[in-house]
Structures are given as structure tokens and as C-alpha cells.
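Heads up, the thing below is written out as C-alpha cells.
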Amino acid sequence: MRPADLTPVARDVMKLPAGPGLILASLVAAYLFNSLPWAGWALLARPDLLLLVLVFWAVHQPGSVGQGLAFALGLAMDVGDSMLLGQHALAYVVAAYGAQVIRLRVLSFAMLEQSLHVLGLMVVATAVIVLLNLLLGSPAPGPAILLSPVIACLAWGPLTWLLYLPGLRRMRREAAS
């Protein structure tokens with residue numbers, strides 16, 4: 001295991017807790033992204049951005065984002081997607097719990113290894129949804145269903161950078177003062 005990234009940016013940015021406005025805005029933006037009218041292959045390839053943002057905040061702000069919020073957001077996704085009520089909720093709760101369990105491990109790795117941990121969480125969440133659908137008699141989705149977790153894994157780095165920006169700006173303002 002490699003030592004943690006202790007550069008000033010990695011060490012100091014998340015010392016400052018994210019404001020509730022940033023957390024709420026990122027979750028609303030991710031929900032709106034997921035609510036776009038996707039169809040065909042794009043629907044299979046669409047990363048579950050709401051789950052990805054939820055995992056990010058569960059790792060970086062576990063006191064603010066947990067299983068309760070994951071359950072509520074999952075129910076909102078179920079209603080928005082007209083899916084079985086509770087399937088996204090269960091998948092999101094499992095992923096948020098997993099993110100909180102491995103959060104210290106994830107934070108000790110560089111971005112590539114973090115992305116692989118996130119891939120595991122996304123595959124587990126996708127597996128929960130697929131298994132629930134199979135239990136209800138839906139046909140097996142095929143291997144293309146794994147495209148979405150892989151794309152979400154690739155989006156982890158840019159998403160982390162994007163959500164770190166407000167903290168970096170605040171650090172620079174405080175340093176300039």
C-alpha cells in the first residue's frame with residue numbers, strides 16, 4: 001500500500017467542511033442529469049451521476065451524507081424513472097454504506113486506485129438493481145450493463161476535481177487575506 005497523498009492540496013482542501021449549499025447543489029445537478037431523457041445505448045452507458053456524487057460526499061463528508069439521504073435520493077430516482085419503488089433506494093443505501101466503510105482506505109490512495117474502489121461500489125449498486133429486476137422476472141440485461149459503472153469510474157477523477165474547486169477557492173481567499 002502506498003502512503004497517502006499529503007500534498008498541500010490533498011491535505012488541506014477537505015479539512016474545511018463543504019457547505020450544505022455545495023452538497024445540495026451538486027446532488028440536485030446530478031439528479032437533473034440522471035433525469036434527462038436517455039434512450040437506447042445512451043441509457044445503458046449513462047453513468048449514475050447521482051450515485052457517484054452521493055458516494056463522493058459519503059467518502060468526504062460522512063457526517064453530512066449517509067444512508068438516510070441515500071435512501072431518500074434513491075426513492076426520488078425510483079419515482080423519476082418510474083421504476084420499482086425502492087430498488088434505487090436499496091442500491092444507494094448499500095453503496096453509501098460501502099463508501100463509508102472504506103472511506104479511509106479510499107482517501108489514502110491516489111486517484112487511480114480511488115477510481116477502482118468506486119468501480120467496485122458502482123458494480124455492487126448495479127448488481128443490486130439487476131438482481132431485483134431478475135427476481136421480478138425481467139430478462140437479463142447482458143454484459144452492456146457494465147458499461148455504466150466503468151464510465152462512472154472514469155468520471156470519478158473529473159468529478160473529484162470539480163467538487164474540490166470551491167474548497168480550493170476558499171483556501172486561496174483565506175490565504176490572501
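By convention here, the chains of the C-alpha cells are called A, B, ... in the order presented, each chain's residues are numbered starting at 1, and ligands are numbered starting at 1 in the order presented.
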Neighbour list for Gln87 of chain A as a ChimeraX atom specification, cut-off 9 Å, only C-alpha atoms, skip fewer than 6 positions in-chain: /A:74-75,78,128-129,132-133
May I have the selected residues written with C-alpha atoms, as a PDB file, in the first residue's frame?
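Below is the file out.pdb, written as the result:
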```
ATOM      1  CA  GLY A  74     -32.948   6.525  -4.239  1.00  0.00           C
ATOM      2  CA  LEU A  75     -36.706   6.879  -3.770  1.00  0.00           C
ATOM      3  CA  ASP A  78     -37.296   5.422  -8.483  1.00  0.00           C
ATOM      4  CA  VAL A 128     -28.448  -4.937  -6.609  1.00  0.00           C
ATOM      5  CA  ILE A 129     -30.698  -3.301  -9.207  1.00  0.00           C
ATOM      6  CA  LEU A 132     -34.059  -7.108  -8.014  1.00  0.00           C
ATOM      7  CA  ASN A 133     -35.218  -6.894 -11.631  1.00  0.00           C
TER       8      ASN A 133
END
```
Select from segment 23-173 of chain A everything DSSP, run on the backbone, classes as alpha helix (DSSP H), then give the selection as a ChimeraX atom specification. /A:23-34,41-45,49-60,67-81,87-101,103-107,111-135,147-173
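Residue nearest Ala152 of chain A, chosen from A:Val65, A:Met171, A:Leu52, A:Ala127 and counting only C-alpha atoms: A:Leu52.
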Can you tell me, as a PDB file with all heavy atoms, in the first residue's frame, what residues are no more than 12 Å from Val150 of chain A when counting only C-alpha atoms, ignoring any on the same chain fewer than 5 positions away?
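Okay, out-v4.pdb is ready:
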```pdb
ATOM      1  N   LEU A  44     -27.999   2.789 -21.440  1.00  0.00           N
ATOM      2  CA  LEU A  44     -27.120   1.801 -20.812  1.00  0.00           C
ATOM      3  C   LEU A  44     -25.771   2.397 -20.429  1.00  0.00           C
ATOM      4  O   LEU A  44     -25.185   2.021 -19.428  1.00  0.00           O
ATOM      5  CB  LEU A  44     -26.894   0.623 -21.764  1.00  0.00           C
ATOM      6  CG  LEU A  44     -27.997  -0.410 -21.832  1.00  0.00           C
ATOM      7  CD1 LEU A  44     -27.655  -1.457 -22.870  1.00  0.00           C
ATOM      8  CD2 LEU A  44     -28.245  -1.043 -20.491  1.00  0.00           C
ATOM      9  N   ALA A  45     -25.276   3.322 -21.240  1.00  0.00           N
ATOM     10  CA  ALA A  45     -23.953   3.904 -20.997  1.00  0.00           C
ATOM     11  C   ALA A  45     -23.992   5.057 -20.002  1.00  0.00           C
ATOM     12  O   ALA A  45     -22.951   5.463 -19.496  1.00  0.00           O
ATOM     13  CB  ALA A  45     -23.355   4.399 -22.313  1.00  0.00           C
ATOM     14  N   ARG A  46     -25.178   5.574 -19.701  1.00  0.00           N
ATOM     15  CA  ARG A  46     -25.289   6.717 -18.786  1.00  0.00           C
ATOM     16  C   ARG A  46     -24.787   6.330 -17.407  1.00  0.00           C
ATOM     17  O   ARG A  46     -25.290   5.400 -16.782  1.00  0.00           O
ATOM     18  CB  ARG A  46     -26.747   7.154 -18.671  1.00  0.00           C
ATOM     19  CG  ARG A  46     -26.964   8.240 -17.629  1.00  0.00           C
ATOM     20  CD  ARG A  46     -28.392   8.394 -17.258  1.00  0.00           C
ATOM     21  NE  ARG A  46     -28.781   7.249 -16.396  1.00  0.00           N
ATOM     22  CZ  ARG A  46     -29.968   7.111 -15.881  1.00  0.00           C
ATOM     23  NH1 ARG A  46     -30.911   7.963 -16.155  1.00  0.00           N
ATOM     24  NH2 ARG A  46     -30.241   6.085 -15.101  1.00  0.00           N
ATOM     25  N   PRO A  47     -23.788   7.051 -16.899  1.00  0.00           N
ATOM     26  CA  PRO A  47     -23.356   6.752 -15.534  1.00  0.00           C
ATOM     27  C   PRO A  47     -24.407   7.278 -14.558  1.00  0.00           C
ATOM     28  O   PRO A  47     -25.073   8.278 -14.814  1.00  0.00           O
ATOM     29  CB  PRO A  47     -22.044   7.520 -15.403  1.00  0.00           C
ATOM     30  CG  PRO A  47     -22.153   8.631 -16.378  1.00  0.00           C
ATOM     31  CD  PRO A  47     -22.994   8.110 -17.511  1.00  0.00           C
ATOM     32  N   ASP A  48     -24.566   6.602 -13.455  1.00  0.00           N
ATOM     33  CA  ASP A  48     -25.487   7.061 -12.426  1.00  0.00           C
ATOM     34  C   ASP A  48     -24.772   8.170 -11.657  1.00  0.00           C
ATOM     35  O   ASP A  48     -24.128   7.934 -10.630  1.00  0.00           O
ATOM     36  CB  ASP A  48     -25.891   5.907 -11.515  1.00  0.00           C
ATOM     37  CG  ASP A  48     -27.065   6.257 -10.641  1.00  0.00           C
ATOM     38  OD1 ASP A  48     -27.412   7.451 -10.550  1.00  0.00           O
ATOM     39  OD2 ASP A  48     -27.650   5.336 -10.051  1.00  0.00           O
ATOM     40  N   LEU A  52     -22.808   8.531  -7.996  1.00  0.00           N
ATOM     41  CA  LEU A  52     -21.399   8.906  -7.948  1.00  0.00           C
ATOM     42  C   LEU A  52     -21.178  10.096  -7.018  1.00  0.00           C
ATOM     43  O   LEU A  52     -20.263  10.100  -6.197  1.00  0.00           O
ATOM     44  CB  LEU A  52     -20.893   9.206  -9.358  1.00  0.00           C
ATOM     45  CG  LEU A  52     -19.395   9.316  -9.545  1.00  0.00           C
ATOM     46  CD1 LEU A  52     -18.724   7.995  -9.233  1.00  0.00           C
ATOM     47  CD2 LEU A  52     -19.072   9.746 -10.969  1.00  0.00           C
ATOM     48  N   SER A 115     -10.499   5.420  -8.007  1.00  0.00           N
ATOM     49  CA  SER A 115     -11.450   5.104  -9.073  1.00  0.00           C
ATOM     50  C   SER A 115     -11.783   3.614  -9.098  1.00  0.00           C
ATOM     51  O   SER A 115     -12.935   3.242  -9.351  1.00  0.00           O
ATOM     52  CB  SER A 115     -10.890   5.520 -10.429  1.00  0.00           C
ATOM     53  OG  SER A 115     -10.709   6.904 -10.482  1.00  0.00           O
ATOM     54  N   LEU A 116     -10.810   2.774  -8.826  1.00  0.00           N
ATOM     55  CA  LEU A 116     -11.072   1.333  -8.806  1.00  0.00           C
ATOM     56  C   LEU A 116     -11.975   0.947  -7.633  1.00  0.00           C
ATOM     57  O   LEU A 116     -12.826   0.066  -7.763  1.00  0.00           O
ATOM     58  CB  LEU A 116      -9.755   0.559  -8.766  1.00  0.00           C
ATOM     59  CG  LEU A 116      -8.907   0.686 -10.027  1.00  0.00           C
ATOM     60  CD1 LEU A 116      -7.570  -0.024  -9.842  1.00  0.00           C
ATOM     61  CD2 LEU A 116      -9.641   0.151 -11.231  1.00  0.00           C
ATOM     62  N   HIS A 117     -11.806   1.594  -6.488  1.00  0.00           N
ATOM     63  CA  HIS A 117     -12.699   1.355  -5.358  1.00  0.00           C
ATOM     64  C   HIS A 117     -14.119   1.803  -5.705  1.00  0.00           C
ATOM     65  O   HIS A 117     -15.097   1.125  -5.374  1.00  0.00           O
ATOM     66  CB  HIS A 117     -12.206   2.088  -4.114  1.00  0.00           C
ATOM     67  CG  HIS A 117     -11.069   1.410  -3.427  1.00  0.00           C
ATOM     68  ND1 HIS A 117      -9.774   1.536  -3.851  1.00  0.00           N
ATOM     69  CD2 HIS A 117     -11.035   0.599  -2.349  1.00  0.00           C
ATOM     70  CE1 HIS A 117      -8.982   0.839  -3.062  1.00  0.00           C
ATOM     71  NE2 HIS A 117      -9.731   0.251  -2.137  1.00  0.00           N
ATOM     72  N   VAL A 118     -14.220   2.950  -6.362  1.00  0.00           N
ATOM     73  CA  VAL A 118     -15.531   3.457  -6.767  1.00  0.00           C
ATOM     74  C   VAL A 118     -16.156   2.506  -7.794  1.00  0.00           C
ATOM     75  O   VAL A 118     -17.372   2.277  -7.764  1.00  0.00           O
ATOM     76  CB  VAL A 118     -15.408   4.896  -7.312  1.00  0.00           C
ATOM     77  CG1 VAL A 118     -16.675   5.356  -7.984  1.00  0.00           C
ATOM     78  CG2 VAL A 118     -15.031   5.835  -6.177  1.00  0.00           C
ATOM     79  N   LEU A 119     -15.354   1.956  -8.686  1.00  0.00           N
ATOM     80  CA  LEU A 119     -15.868   0.975  -9.642  1.00  0.00           C
ATOM     81  C   LEU A 119     -16.515  -0.200  -8.912  1.00  0.00           C
ATOM     82  O   LEU A 119     -17.607  -0.644  -9.274  1.00  0.00           O
ATOM     83  CB  LEU A 119     -14.747   0.479 -10.560  1.00  0.00           C
ATOM     84  CG  LEU A 119     -15.121  -0.635 -11.540  1.00  0.00           C
ATOM     85  CD1 LEU A 119     -16.173  -0.152 -12.536  1.00  0.00           C
ATOM     86  CD2 LEU A 119     -13.885  -1.134 -12.264  1.00  0.00           C
ATOM     87  N   GLY A 120     -15.872  -0.672  -7.857  1.00  0.00           N
ATOM     88  CA  GLY A 120     -16.444  -1.760  -7.081  1.00  0.00           C
ATOM     89  C   GLY A 120     -17.787  -1.384  -6.467  1.00  0.00           C
ATOM     90  O   GLY A 120     -18.746  -2.162  -6.509  1.00  0.00           O
ATOM     91  N   LEU A 121     -17.879  -0.183  -5.918  1.00  0.00           N
ATOM     92  CA  LEU A 121     -19.151   0.275  -5.331  1.00  0.00           C
ATOM     93  C   LEU A 121     -20.235   0.399  -6.394  1.00  0.00           C
ATOM     94  O   LEU A 121     -21.397   0.028  -6.162  1.00  0.00           O
ATOM     95  CB  LEU A 121     -18.949   1.613  -4.626  1.00  0.00           C
ATOM     96  CG  LEU A 121     -18.114   1.591  -3.351  1.00  0.00           C
ATOM     97  CD1 LEU A 121     -17.835   3.011  -2.870  1.00  0.00           C
ATOM     98  CD2 LEU A 121     -18.805   0.792  -2.262  1.00  0.00           C
ATOM     99  N   MET A 122     -19.867   0.907  -7.562  1.00  0.00           N
ATOM    100  CA  MET A 122     -20.853   1.073  -8.629  1.00  0.00           C
ATOM    101  C   MET A 122     -21.319  -0.283  -9.171  1.00  0.00           C
ATOM    102  O   MET A 122     -22.494  -0.447  -9.487  1.00  0.00           O
ATOM    103  CB  MET A 122     -20.273   1.921  -9.765  1.00  0.00           C
ATOM    104  CG  MET A 122     -19.877   3.310  -9.335  1.00  0.00           C
ATOM    105  SD  MET A 122     -21.232   4.204  -8.619  1.00  0.00           S
ATOM    106  CE  MET A 122     -21.612   5.315  -9.899  1.00  0.00           C
ATOM    107  N   VAL A 123     -20.410  -1.234  -9.273  1.00  0.00           N
ATOM    108  CA  VAL A 123     -20.791  -2.570  -9.739  1.00  0.00           C
ATOM    109  C   VAL A 123     -21.731  -3.224  -8.734  1.00  0.00           C
ATOM    110  O   VAL A 123     -22.723  -3.854  -9.117  1.00  0.00           O
ATOM    111  CB  VAL A 123     -19.539  -3.444  -9.999  1.00  0.00           C
ATOM    112  CG1 VAL A 123     -19.891  -4.908 -10.151  1.00  0.00           C
ATOM    113  CG2 VAL A 123     -18.806  -2.939 -11.229  1.00  0.00           C
ATOM    114  N   THR A 126     -25.133  -1.596  -9.125  1.00  0.00           N
ATOM    115  CA  THR A 126     -25.757  -2.083 -10.361  1.00  0.00           C
ATOM    116  C   THR A 126     -26.236  -3.519 -10.190  1.00  0.00           C
ATOM    117  O   THR A 126     -27.322  -3.883 -10.657  1.00  0.00           O
ATOM    118  CB  THR A 126     -24.771  -1.970 -11.530  1.00  0.00           C
ATOM    119  OG1 THR A 126     -24.367  -0.607 -11.675  1.00  0.00           O
ATOM    120  CG2 THR A 126     -25.388  -2.451 -12.827  1.00  0.00           C
ATOM    121  N   PRO A 143     -24.130  -8.106 -20.985  1.00  0.00           N
ATOM    122  CA  PRO A 143     -22.892  -7.504 -20.486  1.00  0.00           C
ATOM    123  C   PRO A 143     -22.818  -5.992 -20.677  1.00  0.00           C
ATOM    124  O   PRO A 143     -21.995  -5.333 -20.051  1.00  0.00           O
ATOM    125  CB  PRO A 143     -21.794  -8.210 -21.293  1.00  0.00           C
ATOM    126  CG  PRO A 143     -22.482  -8.704 -22.519  1.00  0.00           C
ATOM    127  CD  PRO A 143     -23.897  -8.976 -22.136  1.00  0.00           C
ATOM    128  N   ALA A 144     -23.678  -5.420 -21.490  1.00  0.00           N
ATOM    129  CA  ALA A 144     -23.631  -3.967 -21.713  1.00  0.00           C
ATOM    130  C   ALA A 144     -23.983  -3.185 -20.453  1.00  0.00           C
ATOM    131  O   ALA A 144     -23.650  -2.006 -20.351  1.00  0.00           O
ATOM    132  CB  ALA A 144     -24.580  -3.579 -22.844  1.00  0.00           C
ATOM    133  N   ILE A 145     -24.592  -3.835 -19.483  1.00  0.00           N
ATOM    134  CA  ILE A 145     -24.964  -3.156 -18.243  1.00  0.00           C
ATOM    135  C   ILE A 145     -23.724  -2.720 -17.453  1.00  0.00           C
ATOM    136  O   ILE A 145     -23.781  -1.799 -16.657  1.00  0.00           O
ATOM    137  CB  ILE A 145     -25.878  -4.061 -17.381  1.00  0.00           C
ATOM    138  CG1 ILE A 145     -26.574  -3.275 -16.271  1.00  0.00           C
ATOM    139  CG2 ILE A 145     -25.109  -5.203 -16.765  1.00  0.00           C
ATOM    140  CD1 ILE A 145     -27.686  -2.425 -16.734  1.00  0.00           C
ATOM    141  N   ALA A 155     -15.316   8.808 -14.557  1.00  0.00           N
ATOM    142  CA  ALA A 155     -15.757  10.161 -14.208  1.00  0.00           C
ATOM    143  C   ALA A 155     -15.371  10.551 -12.781  1.00  0.00           C
ATOM    144  O   ALA A 155     -15.525  11.714 -12.408  1.00  0.00           O
ATOM    145  CB  ALA A 155     -17.271  10.273 -14.377  1.00  0.00           C
ATOM    146  N   TRP A 156     -14.871   9.625 -11.975  1.00  0.00           N
ATOM    147  CA  TRP A 156     -14.543   9.915 -10.586  1.00  0.00           C
ATOM    148  C   TRP A 156     -13.482  11.018 -10.473  1.00  0.00           C
ATOM    149  O   TRP A 156     -13.609  11.927  -9.660  1.00  0.00           O
ATOM    150  CB  TRP A 156     -14.065   8.645  -9.876  1.00  0.00           C
ATOM    151  CG  TRP A 156     -13.652   8.878  -8.455  1.00  0.00           C
ATOM    152  CD1 TRP A 156     -12.381   8.934  -7.981  1.00  0.00           C
ATOM    153  CD2 TRP A 156     -14.514   9.090  -7.329  1.00  0.00           C
ATOM    154  NE1 TRP A 156     -12.398   9.156  -6.632  1.00  0.00           N
ATOM    155  CE2 TRP A 156     -13.696   9.261  -6.211  1.00  0.00           C
ATOM    156  CE3 TRP A 156     -15.895   9.163  -7.169  1.00  0.00           C
ATOM    157  CZ2 TRP A 156     -14.207   9.488  -4.940  1.00  0.00           C
ATOM    158  CZ3 TRP A 156     -16.402   9.390  -5.909  1.00  0.00           C
ATOM    159  CH2 TRP A 156     -15.568   9.549  -4.808  1.00  0.00           C
TER     160      TRP A 156
END
```
Pick out the residues sitting within 9 Å of Gln61 of chain A, and hand them over as a ChimeraX atom specification; count only C-alpha atoms, and ignore anything fewer than 4 positions along from it in its own chain. /A:14,17-18,56-57,65-66
9 Å contact set for segment 22-33 of chain A, only C-alpha atoms, chain neighbours under 5 positions out, as a list in words: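 The filter keeps Asp48, Leu49, Leu50, Leu51, Leu52, Val53, Leu54, Trp57, Ser64, Val65, Leu73, Ala76, Met77, Leu163 and Pro166 of chain A.
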Please, what distance in Å, to one decimal, runs between atom CA of His60 of chain A and atom CA of Tyr92 of chain A? 16.3 Å
Using only C-alpha atoms, determine which residues lie at most 7 Å from Val55 of chain A, disregarding the query and same-chain residues fewer than 4 positions distant; provide the list as a PyMOL selection string. chain A and resi 51+59+95-96+99
Would you please work out which residue, of A:Ala176, A:Trp41, A:Gln67, A:Met83, is nearest to Leu136 of chain A when using only C-alpha atoms?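 With only C-alpha atoms as the atom set, the closest residue is A:Met83.
Distance-wise, atom CA of Leu85 of chain A and atom CA of Phe71 of chain A end up 11.0 Å apart.
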Residue nearest Ala91 of chain A among A:Ala72, A:Ile151, A:Arg170, A:Pro62 (counting only C-alpha atoms):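 Among the listed residues, A:Ala72 lies closest to Ala91 of chain A.
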